[in-house]
There are 2 protein chains.
Amino acid sequence: MNIKSVKSLMRVAQGKEPADLAVVNAALFNVFTAEIIRDCSVCIKDRQIAYVGGNPGGAIGKETIVIDADGRTLIPGLIDGHTHIAWMTAPAEIVNAAIADGTTTIVTEIFEPYPVAGYPGTLELLEAMTDQPVKIYAVAPAMVSISRRCRGIAPEDLKKLLARDDVLGLGESYWQGVFQNPDTHLPAFAATLAAGKTLEGHSAGANEKYLNAYAAAGISSCHEPIKAAEVIDRLRLGMHVMIREGSVRRELEAVSKITQSGIDLRRAVLVSDGISPEAVMADGYMTFIVQKAIDYGFAPADAVRMATLNAAEHFGLDGRIGAIAPGRLADILIIPDLGTIRPEIVISNGRVIAENGKPLVRARPHRFSEACMRTIRLPKALAPDAFAVPVSGPGATAAVNFIELITELVTRRLEYRLPVINGNIAADFQNDICKIAAIDRANTPGEMFCGFIKGFGLKSGAVATSASWDAADIVVIGADDGDMALAVNQIRELQGGIVIAERNEVRAELPLPVFGVISDQPMELVARQTINIQKILKNMGVALSDPLLTLSTMTTAAIPFFRICEEGLYDFKTGETMGLTAEI
Amino acid sequence: MNIKSVKSLMRVAQGKEPADLAVVNAALFNVFTAEIIRDCSVCIKDRQIAYVGGNPGGAIGKETIVIDADGRTLIPGLIDGHTHIAWMTAPAEIVNAAIADGTTTIVTEIFEPYPVAGYPGTLELLEAMTDQPVKIYAVAPAMVSISRRCRGIAPEDLKKLLARDDVLGLGESYWQGVFQNPDTHLPAFAATLAAGKTLEGHSAGANEKYLNAYAAAGISSCHEPIKAAEVIDRLRLGMHVMIREGSVRRELEAVSKITQSGIDLRRAVLVSDGISPEAVMADGYMTFIVQKAIDYGFAPADAVRMATLNAAEHFGLDGRIGAIAPGRLADILIIPDLGTIRPEIVISNGRVIAENGKPLVRARPHRFSEACMRTIRLPKALAPDAFAVPVSGPGATAAVNFIELITELVTRRLEYRLPVINGNIAADFQNDICKIAAIDRANTPGEMFCGFIKGFGLKSGAVATSASWDAADIVVIGADDGDMALAVNQIRELQGGIVIAERNEVRAELPLPVFGVISDQPMELVARQTINIQKILKNMGVALSDPLLTLSTMTTAAIPFFRICEEGLYDFKTGETMGLTAEI
């Protein structure tokens, strides 16, 4: 609180000083009382709201810029309470998409740079998010990882991050990892709560006993429910439940049945949980999600509060954002009516930043330092035989553990006998089994593990990505050892990216040079390249709807039940890493 | 967060370790979703809730104490979000009243000791409130005072108080004082918000411009509305609005019209704002208030949440209290049904502390130090002529400013000519005008101001109190200078209290030796003595319903429009102190 600013706000409120900007003749949606207040004016001084009411008087002076809302509706700027901004495009790109959309606050995970660029890289990402036309807050990386090298954030790093005003808590701590490694994660929980900040949860598929235990550990949100009943279970435990409708998953349709229950939705929140360049460009951002909630039957008053007040309350930011009320930052959308979430004017931090879908300002670009652009630290190019899987014993087949896709994201452990050819275990294309490898690119660069995956569909070539979740690995899936090596080596050349190789040629690539996960190109180009890569993969036999997402999640600790990292194969049921050899 | 405790909670939640205490077969009122959940069990480990659900399994072991709720209803322990505990009786006394009542958390102002015993006295009050069977939190003294000597809390004291976990914010900062002395109060606001804590408001009678300005300064509560419309005005500004039904005022009947508005009550809260020994003993504490809200037409689900979740959210304590959910302190009431707020069992901090209205534990008494018991520092006894009001000029009458009671608490400035007798201005009993004086007892001891008051009704004798609001004064109202001196001198002997003198004799007294505002006797005795004093005052001509409250509030900066302190008469309209001489 700046005392001089507050004195000025107080004078404007009393009509003793003119506002900088005023919106008059509006139908204000009050998020606290869930009412529409007609003939309402909002007076803004600098970045903040000074006055909301029917009689601004002297607060509107000669110098005041006055916007006549002409009876249209005001709602607070929208909040995305959970996303992954450090993904595919630079923060400035998503900010540019948010401006005209009316998404004036974004709360994001920032765990992507941490395992590959450490605390300095994380700071630089925060810097890229600062001083933008919309506000971006972060939650510190919890680093629940199947790789021991990436597991847990260093206590001194967490302490420094929690001391920042733009860090609101500890990021999503996937429940299985918390239960399997409590001594890694609970001290971080304690430090976060002691700092008065929140613990973000991720409890996909947890049963009621685990949910209770997770809540007892202080976790106060979850963005994973896929059914109304799962939302209700978590709301009852006091969690803020984030219903996501983004690029990774879309839950609104299934979850909308909750509107029939009649329960109080004060702790329900709408989020994206990550949104791809293609999706933002096609549909928009939080306006799309809120409108969709309304279209699926949520009361407009609830839907709007799920993306404003409720989200702000979760993070203890309701004195600052999420409402049109005195003292709050002036984040205001003028929309036709409460059921039509189409901003005609977007005000953020007291400035008009967009009109009728056209941005009036641009995001501040950030030029990432060399350190953030050199995160593929493989000492040398790989030869095809790096992907050979030799067996020591005799026999025409070998029993191996491998990953089977049971949905496009969920996997399980399968034990199966694979043919041995020339002393090496071979893929089995007839049964849709090909090779998968994870190669550490940052911490013990070059350390790798090669195994097998069933269900990906690849019939030839290889596809590799450095944008792997919760790890410092390049992940490659391939039908040919040479193409696998080529794809990985090309990522090494690009210093990050997604590469398809086939018949010893690079067929497509999307460079992601920032931390190995973010492009330095405009969103339009990234979207085009991504669509192209997905199309090529389809032609190469991959029938999944989003094969790049399937590929990126191979290393994650977020989605059960069987994953791969540079250390080996990881079993969610035991929390242990295992090798290839199965006991059958 | 204690990691060992959390691990134990997590094990109990998973059924891997037995709970200490379990309530089974209950109809749980879920404050988040506003549902009744039947066949519900709650498992408690040490002080906290580990599990809430239908299937506790191994959480109920051989050693677990099991309470069968037999289908009755569970609600969270009740919270009084705004009171004045340092008033008339020691904290232990109100704790004893709270135990069987089911009021398991009290948030109190603590400004009473600060002007007379400073920071050390304030700390000692906090110590008296610690380690009790119910939880007591405080808000730091804002010290909005009409006396310049008592105005504002020292920044270093505020800083130390805000660093404590049991101090939740800055106490009520009466609006007029904030607007009149922003340079005293706004820095304290800034320090409080920077510490992540709340600013309590008091905006009785403020118009919408002042309300907006007050909210813009960061004030996030008000407990002063006396009508539904005033509640709505403040809710719309984002304040948590506290509806009080205590000893100072009772607003529920008038405010209950709000139930017809259909607005969301998520930021409405029920509080006592101070409750007298007589009232607690006759009616009970928060159970009485919540039941009364229901009886006046609030939906039981709203009424209960107004004294649990909503209050906890205001103070950012909803991860700790205000709900029956994992990780929260186990504060639980078993009541017959949601419409009948009569606790059959009270659980606080995981222990059963009362059954069927009978306390099973007692408050921890605190023996206040000598320093807290020596706050009447008048250097010598007063002679009757201390209350003489000489005039210098000639004339049979003199024009004076004096205080007129326009309700039992609200006053205004009246200018009027009073008779001059033997060079002194005299009272005018025919017009119900007698003398009033305020005598500093602690900071510049003996400094005093004597003036006149109309409407108190006293026909003979005098009544004095050291329990004056927001000041370090003894206040005395009298029809006779000798009785005024005797009453004040007797308070000096008692080191605090309320004294009635008549015809040169002490007719009644209530010693209040702790800070001059708190008795060291049991509540029953204090209640009896108080009732006796009120009866005697009635016989002496005072027709007010609570003359002791009228007397105590003569020095307050909380209630307009014209007050007295040792410096003179204080005009709320100008924020200035004036002398006796009027301009008529």
# chains A, B, ... in the order shown; residues from 1 in each chain; ligands from 1
>>> interface_residues(of="chain B", to="chain A", cutoff="7 Å", atoms="only C-alpha atoms", output="VMD selection string")
chain B and resid 1 3 6 9 to 10 13 to 14 30 32 to 35 50 to 51 186 190 209 to 210 212 to 213 215 to 218 235 to 238 263 to 265 325 to 327
>>> write_last_selection(atoms="C-alpha atoms", output="short mmCIF file (atom, residue, chain, number, x, y, z; two decimals), in the first residue's frame")
data_model
loop_
_atom_site.label_atom_id
_atom_site.label_comp_id
_atom_site.auth_asym_id
_atom_site.auth_seq_id
_atom_site.Cartn_x
_atom_site.Cartn_y
_atom_site.Cartn_z
CA MET B 1 2.63 -26.98 10.13
CA ILE B 3 5.48 -32.34 9.77
CA VAL B 6 0.77 -33.97 9.45
CA LEU B 9 -3.02 -37.05 10.19
CA MET B 10 -2.31 -38.48 6.77
CA ALA B 13 -6.99 -40.35 6.95
CA GLN B 14 -5.82 -43.44 5.11
CA ASN B 30 -20.80 -28.97 5.11
CA PHE B 32 -18.48 -25.18 1.79
CA THR B 33 -21.28 -26.75 -0.20
CA ALA B 34 -24.16 -25.94 2.20
CA GLU B 35 -25.28 -29.56 2.30
CA ALA B 50 -7.81 -36.11 9.81
CA TYR B 51 -10.77 -37.57 7.99
CA LEU B 186 -2.65 5.22 7.20
CA ALA B 190 0.15 0.01 5.32
CA LYS B 209 -18.56 8.43 -0.56
CA TYR B 210 -16.89 7.89 2.78
CA ASN B 212 -15.93 3.98 -0.80
CA ALA B 213 -12.94 5.95 0.47
CA ALA B 215 -12.78 0.61 1.50
CA ALA B 216 -10.20 2.11 -0.87
CA ALA B 217 -7.93 2.54 2.15
CA GLY B 218 -8.02 -1.24 2.62
CA LEU B 235 -21.23 -6.07 1.22
CA ARG B 236 -21.30 -4.56 -2.24
CA LEU B 237 -18.00 -2.85 -1.52
CA GLY B 238 -16.44 -6.19 -0.68
CA ILE B 263 -28.37 -11.56 -2.20
CA ASP B 264 -25.41 -13.82 -1.51
CA LEU B 265 -24.44 -13.67 2.17
CA ALA B 325 -12.59 -30.66 7.14
CA PRO B 326 -9.20 -32.36 7.11
CA GLY B 327 -6.36 -30.33 8.57
#
>>> select_by_dssp(residues="range 428-494 of chain B", states="alpha helix (DSSP H)", output="number ranges by chain")
B: 481-494
>>> residues_around(residues="Ile335 in chain B", least_positions_apart="5", cutoff="8 Å", atoms="only C-alpha atoms", output="VMD selection string")
chain B and resid 72 to 75 340 to 345
>>> select_by_dssp(residues="range 25-232 of chain A", states="strand (DSSP E)", output="MDAnalysis selection string")
chainID A and resid 25:30 35:45 48:53 65:68 73:76 78:84 103:109 135:140 167:174 198:202 221:222
>>> residues_around(residues="range 458-463 of chain B", least_positions_apart="6", cutoff="10 Å", atoms="only C-alpha atoms", output="short mmCIF file (atom, residue, chain, number, x, y, z; two decimals) with all heavy atoms, in the first residue's frame")
data_model
loop_
_atom_site.label_atom_id
_atom_site.label_comp_id
_atom_site.auth_asym_id
_atom_site.auth_seq_id
_atom_site.Cartn_x
_atom_site.Cartn_y
_atom_site.Cartn_z
N PHE B 429 -30.30 21.88 36.90
CA PHE B 429 -30.99 20.60 37.07
C PHE B 429 -32.39 20.61 36.47
O PHE B 429 -32.89 19.59 36.02
CB PHE B 429 -31.05 20.24 38.57
CG PHE B 429 -29.69 20.01 39.14
CD1 PHE B 429 -29.14 20.89 40.07
CD2 PHE B 429 -28.92 18.93 38.72
CE1 PHE B 429 -27.87 20.68 40.57
CE2 PHE B 429 -27.63 18.73 39.22
CZ PHE B 429 -27.11 19.61 40.15
N GLN B 430 -32.99 21.80 36.44
CA GLN B 430 -34.34 21.87 35.85
C GLN B 430 -34.31 21.46 34.38
O GLN B 430 -35.26 20.88 33.87
CB GLN B 430 -34.88 23.29 35.98
CG GLN B 430 -35.33 23.58 37.40
CD GLN B 430 -36.23 24.80 37.46
OE1 GLN B 430 -36.00 25.76 36.75
NE2 GLN B 430 -37.26 24.73 38.32
N ASP B 432 -32.07 19.35 33.23
CA ASP B 432 -31.31 18.08 33.20
C ASP B 432 -29.87 18.28 32.72
O ASP B 432 -29.37 17.53 31.89
CB ASP B 432 -32.04 17.04 32.35
CG ASP B 432 -31.46 15.64 32.55
OD1 ASP B 432 -30.65 15.45 33.48
OD2 ASP B 432 -31.79 14.74 31.75
N ILE B 433 -29.25 19.33 33.22
CA ILE B 433 -27.85 19.58 32.87
C ILE B 433 -27.01 19.46 34.14
O ILE B 433 -27.24 20.17 35.12
CB ILE B 433 -27.69 21.00 32.29
CG1 ILE B 433 -28.47 21.11 30.97
CG2 ILE B 433 -26.20 21.33 32.06
CD1 ILE B 433 -28.62 22.53 30.46
N CYS B 434 -26.08 18.50 34.11
CA CYS B 434 -25.18 18.39 35.26
C CYS B 434 -23.75 18.34 34.76
O CYS B 434 -23.46 18.49 33.57
CB CYS B 434 -25.56 17.21 36.14
SG CYS B 434 -25.45 15.63 35.32
N LYS B 435 -22.81 18.18 35.70
CA LYS B 435 -21.41 18.27 35.33
C LYS B 435 -20.87 16.93 34.84
O LYS B 435 -21.32 15.86 35.26
CB LYS B 435 -20.57 18.74 36.53
CG LYS B 435 -20.67 20.23 36.77
CD LYS B 435 -19.74 20.66 37.88
CE LYS B 435 -19.88 22.19 38.10
NZ LYS B 435 -19.21 22.60 39.36
N ILE B 436 -19.89 17.01 33.97
CA ILE B 436 -19.14 15.83 33.55
C ILE B 436 -17.67 16.21 33.49
O ILE B 436 -17.32 17.32 33.06
CB ILE B 436 -19.64 15.30 32.17
CG1 ILE B 436 -18.82 14.07 31.75
CG2 ILE B 436 -19.56 16.39 31.09
CD1 ILE B 436 -19.39 13.33 30.54
N VAL B 475 -13.93 9.01 33.97
CA VAL B 475 -15.03 9.91 33.63
C VAL B 475 -16.00 9.93 34.79
O VAL B 475 -16.33 8.87 35.35
CB VAL B 475 -15.76 9.44 32.35
CG1 VAL B 475 -16.95 10.36 32.05
CG2 VAL B 475 -14.81 9.43 31.18
N VAL B 476 -16.43 11.12 35.15
CA VAL B 476 -17.38 11.24 36.25
C VAL B 476 -18.50 12.20 35.84
O VAL B 476 -18.25 13.23 35.22
CB VAL B 476 -16.66 11.70 37.55
CG1 VAL B 476 -15.88 13.00 37.35
CG2 VAL B 476 -17.63 11.82 38.72
N ILE B 477 -19.72 11.81 36.15
CA ILE B 477 -20.87 12.69 35.95
C ILE B 477 -21.48 12.91 37.33
O ILE B 477 -21.64 11.95 38.10
CB ILE B 477 -21.91 12.06 35.00
CG1 ILE B 477 -21.31 11.90 33.59
CG2 ILE B 477 -23.19 12.91 34.94
CD1 ILE B 477 -22.24 11.27 32.56
N GLY B 478 -21.76 14.17 37.64
CA GLY B 478 -22.24 14.39 39.00
C GLY B 478 -23.14 15.59 39.13
O GLY B 478 -23.11 16.54 38.34
N ALA B 479 -23.95 15.51 40.20
CA ALA B 479 -24.82 16.63 40.56
C ALA B 479 -24.21 17.42 41.70
O ALA B 479 -24.73 18.46 42.10
CB ALA B 479 -26.20 16.10 40.96
N ASP B 480 -23.10 16.91 42.25
CA ASP B 480 -22.48 17.54 43.41
C ASP B 480 -20.97 17.40 43.31
O ASP B 480 -20.46 16.28 43.12
CB ASP B 480 -23.01 16.84 44.67
CG ASP B 480 -22.39 17.40 45.93
OD1 ASP B 480 -22.94 18.37 46.49
OD2 ASP B 480 -21.33 16.87 46.36
N ASP B 481 -20.26 18.53 43.46
CA ASP B 481 -18.80 18.51 43.29
C ASP B 481 -18.13 17.60 44.32
O ASP B 481 -17.17 16.89 44.01
CB ASP B 481 -18.23 19.93 43.44
CG ASP B 481 -18.65 20.84 42.28
OD1 ASP B 481 -19.37 20.37 41.37
OD2 ASP B 481 -18.24 22.02 42.30
N GLY B 482 -18.64 17.60 45.54
CA GLY B 482 -18.04 16.77 46.59
C GLY B 482 -18.19 15.29 46.28
O GLY B 482 -17.25 14.50 46.43
N ASP B 483 -19.37 14.90 45.79
CA ASP B 483 -19.58 13.49 45.44
C ASP B 483 -18.75 13.09 44.22
O ASP B 483 -18.27 11.96 44.11
CB ASP B 483 -21.07 13.23 45.18
CG ASP B 483 -21.90 13.26 46.47
OD1 ASP B 483 -21.31 12.96 47.54
OD2 ASP B 483 -23.09 13.60 46.39
N MET B 484 -18.57 14.06 43.29
CA MET B 484 -17.71 13.76 42.13
C MET B 484 -16.28 13.47 42.61
O MET B 484 -15.66 12.49 42.19
CB MET B 484 -17.72 14.93 41.14
CG MET B 484 -19.07 15.11 40.40
SD MET B 484 -19.13 16.58 39.33
CE MET B 484 -18.35 15.98 37.82
N ALA B 485 -15.78 14.29 43.49
CA ALA B 485 -14.43 14.09 44.01
C ALA B 485 -14.33 12.76 44.75
O ALA B 485 -13.38 11.99 44.56
CB ALA B 485 -14.04 15.25 44.92
N LEU B 486 -15.36 12.48 45.57
CA LEU B 486 -15.34 11.24 46.35
C LEU B 486 -15.34 10.01 45.43
O LEU B 486 -14.58 9.06 45.64
CB LEU B 486 -16.55 11.20 47.30
CG LEU B 486 -16.70 9.91 48.12
CD1 LEU B 486 -15.45 9.62 48.95
CD2 LEU B 486 -17.94 10.00 49.02
N ALA B 487 -16.17 10.06 44.41
CA ALA B 487 -16.25 8.90 43.49
C ALA B 487 -14.90 8.68 42.80
O ALA B 487 -14.40 7.54 42.71
CB ALA B 487 -17.35 9.13 42.46
N VAL B 488 -14.28 9.77 42.35
CA VAL B 488 -12.98 9.63 41.66
C VAL B 488 -11.91 9.16 42.65
O VAL B 488 -11.10 8.27 42.35
CB VAL B 488 -12.57 10.98 41.02
CG1 VAL B 488 -11.14 10.92 40.48
CG2 VAL B 488 -13.55 11.34 39.91
N ILE B 498 -15.91 1.23 39.16
CA ILE B 498 -17.08 2.08 38.98
C ILE B 498 -17.58 2.40 40.39
O ILE B 498 -17.71 1.50 41.22
CB ILE B 498 -18.18 1.34 38.18
CG1 ILE B 498 -17.63 0.93 36.79
CG2 ILE B 498 -19.43 2.21 38.04
CD1 ILE B 498 -18.53 -0.03 36.03
N VAL B 499 -17.81 3.67 40.63
CA VAL B 499 -18.19 4.07 41.99
C VAL B 499 -19.37 5.04 41.93
O VAL B 499 -19.38 5.95 41.10
CB VAL B 499 -17.00 4.73 42.73
CG1 VAL B 499 -17.45 5.30 44.09
CG2 VAL B 499 -15.86 3.74 42.91
N ILE B 500 -20.34 4.84 42.82
CA ILE B 500 -21.41 5.82 43.00
C ILE B 500 -21.23 6.45 44.38
O ILE B 500 -21.08 5.74 45.39
CB ILE B 500 -22.80 5.16 42.94
CG1 ILE B 500 -23.03 4.53 41.57
CG2 ILE B 500 -23.90 6.18 43.24
CD1 ILE B 500 -24.36 3.83 41.44
N ALA B 501 -21.21 7.78 44.38
CA ALA B 501 -21.16 8.48 45.67
C ALA B 501 -22.40 9.36 45.77
O ALA B 501 -22.90 9.88 44.76
CB ALA B 501 -19.90 9.33 45.76
N GLU B 502 -22.91 9.48 46.99
CA GLU B 502 -24.08 10.33 47.20
C GLU B 502 -24.04 10.84 48.63
O GLU B 502 -23.78 10.06 49.56
CB GLU B 502 -25.38 9.55 46.94
CG GLU B 502 -26.57 10.47 46.71
CD GLU B 502 -27.86 9.69 46.44
OE1 GLU B 502 -27.94 8.50 46.79
OE2 GLU B 502 -28.78 10.27 45.83
N ARG B 503 -24.25 12.11 48.80
CA ARG B 503 -24.23 12.75 50.11
C ARG B 503 -22.97 12.39 50.88
O ARG B 503 -23.00 11.94 52.01
CB ARG B 503 -25.47 12.38 50.92
CG ARG B 503 -26.73 13.04 50.34
CD ARG B 503 -27.99 12.75 51.13
NE ARG B 503 -29.13 12.69 50.22
CZ ARG B 503 -29.63 11.56 49.71
NH1 ARG B 503 -29.16 10.40 50.05
NH2 ARG B 503 -30.65 11.61 48.87
N ASN B 504 -21.87 12.51 50.12
CA ASN B 504 -20.55 12.31 50.73
C ASN B 504 -20.29 10.88 51.22
O ASN B 504 -19.44 10.66 52.07
CB ASN B 504 -20.36 13.32 51.87
CG ASN B 504 -18.94 13.85 51.86
OD1 ASN B 504 -18.25 13.78 50.84
ND2 ASN B 504 -18.49 14.37 52.99
N GLU B 505 -21.03 9.94 50.65
CA GLU B 505 -20.78 8.54 51.00
C GLU B 505 -20.67 7.70 49.72
O GLU B 505 -21.38 7.97 48.75
CB GLU B 505 -21.95 7.98 51.81
CG GLU B 505 -21.75 8.11 53.30
CD GLU B 505 -22.93 7.50 54.06
OE1 GLU B 505 -23.56 6.55 53.53
OE2 GLU B 505 -23.21 8.00 55.16
N VAL B 506 -19.84 6.68 49.77
CA VAL B 506 -19.80 5.73 48.65
C VAL B 506 -21.02 4.83 48.78
O VAL B 506 -21.15 4.10 49.76
CB VAL B 506 -18.49 4.90 48.68
CG1 VAL B 506 -18.56 3.79 47.66
CG2 VAL B 506 -17.29 5.80 48.44
N ARG B 507 -21.89 4.89 47.77
CA ARG B 507 -23.11 4.08 47.87
C ARG B 507 -22.94 2.70 47.24
O ARG B 507 -23.62 1.75 47.60
CB ARG B 507 -24.27 4.79 47.16
CG ARG B 507 -24.79 5.94 48.02
CD ARG B 507 -26.22 6.22 47.71
NE ARG B 507 -27.07 5.02 47.74
CZ ARG B 507 -28.32 4.99 47.30
NH1 ARG B 507 -28.85 6.08 46.78
NH2 ARG B 507 -29.04 3.89 47.37
N ALA B 508 -22.09 2.62 46.23
CA ALA B 508 -21.86 1.31 45.59
C ALA B 508 -20.55 1.37 44.84
O ALA B 508 -20.13 2.45 44.39
CB ALA B 508 -22.99 0.98 44.62
N GLU B 509 -19.92 0.22 44.71
CA GLU B 509 -18.69 0.19 43.93
C GLU B 509 -18.50 -1.17 43.30
O GLU B 509 -18.96 -2.19 43.81
CB GLU B 509 -17.48 0.54 44.81
CG GLU B 509 -17.21 -0.45 45.92
CD GLU B 509 -16.08 -0.02 46.86
OE1 GLU B 509 -15.88 1.19 47.03
OE2 GLU B 509 -15.41 -0.92 47.39
N ILE B 533 -25.62 -1.58 40.66
CA ILE B 533 -25.25 -0.20 40.35
C ILE B 533 -26.27 0.44 39.41
O ILE B 533 -26.69 1.58 39.60
CB ILE B 533 -23.82 -0.17 39.74
CG1 ILE B 533 -22.79 -0.40 40.86
CG2 ILE B 533 -23.55 1.16 39.02
CD1 ILE B 533 -21.37 -0.54 40.38
N LEU B 537 -28.54 3.77 40.20
CA LEU B 537 -28.56 4.93 39.31
C LEU B 537 -29.99 5.27 38.89
O LEU B 537 -30.36 6.43 38.75
CB LEU B 537 -27.67 4.69 38.08
CG LEU B 537 -26.17 4.78 38.35
CD1 LEU B 537 -25.37 4.34 37.13
CD2 LEU B 537 -25.77 6.21 38.74
N LYS B 538 -30.78 4.26 38.65
CA LYS B 538 -32.19 4.48 38.30
C LYS B 538 -32.87 5.26 39.42
O LYS B 538 -33.58 6.24 39.18
CB LYS B 538 -32.87 3.12 38.05
CG LYS B 538 -34.07 3.21 37.17
CD LYS B 538 -34.23 1.95 36.29
CE LYS B 538 -33.34 2.01 35.05
NZ LYS B 538 -33.42 0.84 34.20
N ASN B 539 -32.60 4.82 40.63
CA ASN B 539 -33.20 5.50 41.78
C ASN B 539 -32.69 6.93 41.94
O ASN B 539 -33.35 7.77 42.53
CB ASN B 539 -32.92 4.72 43.07
CG ASN B 539 -33.68 3.40 43.09
OD1 ASN B 539 -34.69 3.26 42.39
ND2 ASN B 539 -33.19 2.44 43.85
N MET B 540 -31.49 7.19 41.41
CA MET B 540 -30.93 8.54 41.50
C MET B 540 -31.40 9.42 40.34
O MET B 540 -30.90 10.53 40.16
CB MET B 540 -29.39 8.47 41.52
CG MET B 540 -28.85 7.92 42.86
SD MET B 540 -27.09 7.44 42.74
CE MET B 540 -26.32 9.06 42.74
N GLY B 541 -32.32 8.88 39.54
CA GLY B 541 -32.94 9.71 38.51
C GLY B 541 -32.52 9.39 37.09
O GLY B 541 -33.05 9.95 36.12
N VAL B 542 -31.58 8.47 36.91
CA VAL B 542 -31.08 8.17 35.56
C VAL B 542 -32.04 7.20 34.87
O VAL B 542 -32.23 6.08 35.34
CB VAL B 542 -29.66 7.56 35.62
CG1 VAL B 542 -29.15 7.29 34.21
CG2 VAL B 542 -28.73 8.48 36.38
N ALA B 543 -32.64 7.63 33.78
CA ALA B 543 -33.67 6.82 33.13
C ALA B 543 -33.14 6.04 31.93
O ALA B 543 -33.89 5.40 31.22
CB ALA B 543 -34.83 7.72 32.69
N PRO B 547 -26.95 3.03 31.87
CA PRO B 547 -26.22 4.28 32.13
C PRO B 547 -24.71 4.07 32.20
O PRO B 547 -23.95 5.00 31.87
CB PRO B 547 -26.77 4.75 33.48
CG PRO B 547 -27.68 3.70 33.98
CD PRO B 547 -27.96 2.73 32.90
N LEU B 548 -24.26 2.87 32.58
CA LEU B 548 -22.80 2.64 32.65
C LEU B 548 -22.18 2.65 31.26
O LEU B 548 -21.06 3.10 31.06
CB LEU B 548 -22.49 1.33 33.37
CG LEU B 548 -22.84 1.30 34.86
CD1 LEU B 548 -22.46 -0.03 35.48
CD2 LEU B 548 -22.19 2.46 35.61
N LEU B 551 -21.98 6.22 30.19
CA LEU B 551 -20.86 6.85 30.89
C LEU B 551 -19.51 6.47 30.25
O LEU B 551 -18.66 7.32 29.98
CB LEU B 551 -20.89 6.39 32.36
CG LEU B 551 -19.87 7.00 33.31
CD1 LEU B 551 -20.12 8.49 33.50
CD2 LEU B 551 -19.92 6.29 34.68
#
>>> residues_around(residues="Asp39 in chain A", least_positions_apart="5", cutoff="8 Å", atoms="only C-alpha atoms", output="number ranges by chain")
A: 24-27, 54, 71
>>> write_last_selection(atoms="all heavy atoms", output="JSON list (two decimals), in the first residue's frame")
[["chain", "number", "residue", "atom", "x", "y", "z"],
["A", 24, "VAL", "N", -19.33, 5.13, -16.84],
["A", 24, "VAL", "CA", -20.62, 5.56, -16.28],
["A", 24, "VAL", "C", -21.76, 4.84, -16.98],
["A", 24, "VAL", "O", -21.58, 4.21, -18.02],
["A", 24, "VAL", "CB", -20.80, 7.10, -16.43],
["A", 24, "VAL", "CG1", -19.68, 7.85, -15.73],
["A", 24, "VAL", "CG2", -20.86, 7.49, -17.91],
["A", 25, "ASN", "N", -22.93, 4.91, -16.32],
["A", 25, "ASN", "CA", -24.15, 4.39, -16.93],
["A", 25, "ASN", "C", -24.05, 2.89, -17.21],
["A", 25, "ASN", "O", -24.44, 2.40, -18.27],
["A", 25, "ASN", "CB", -24.42, 5.18, -18.22],
["A", 25, "ASN", "CG", -25.83, 4.99, -18.73],
["A", 25, "ASN", "OD1", -26.71, 4.52, -17.98],
["A", 25, "ASN", "ND2", -26.06, 5.31, -19.99],
["A", 26, "ALA", "N", -23.52, 2.17, -16.24],
["A", 26, "ALA", "CA", -23.28, 0.74, -16.43],
["A", 26, "ALA", "C", -24.20, -0.10, -15.57],
["A", 26, "ALA", "O", -24.73, 0.36, -14.57],
["A", 26, "ALA", "CB", -21.82, 0.42, -16.08],
["A", 27, "ALA", "N", -24.36, -1.35, -15.98],
["A", 27, "ALA", "CA", -25.01, -2.37, -15.14],
["A", 27, "ALA", "C", -23.89, -3.20, -14.56],
["A", 27, "ALA", "O", -23.32, -4.05, -15.24],
["A", 27, "ALA", "CB", -25.95, -3.22, -15.98],
["A", 54, "GLY", "N", -23.55, 5.22, -7.45],
["A", 54, "GLY", "CA", -24.46, 5.94, -8.32],
["A", 54, "GLY", "C", -24.23, 7.44, -8.40],
["A", 54, "GLY", "O", -24.90, 8.13, -9.15],
["A", 71, "GLY", "N", -25.61, 1.32, -20.43],
["A", 71, "GLY", "CA", -26.42, 0.23, -19.88],
["A", 71, "GLY", "C", -25.82, -1.15, -20.00],
["A", 71, "GLY", "O", -26.40, -2.12, -19.51]]
>>> residues_around(residues="Thr556 in chain B", least_positions_apart="2", cutoff="9 Å", atoms="only C-alpha atoms", output="list in words")
Val144, Ser145, Ile146, Ser468, Trp469, Asp470, Ala471, Ser552, Thr553, Met554, Ala558, Ile559, Pro560, Arg563, Ile564 and Cys565 of chain B
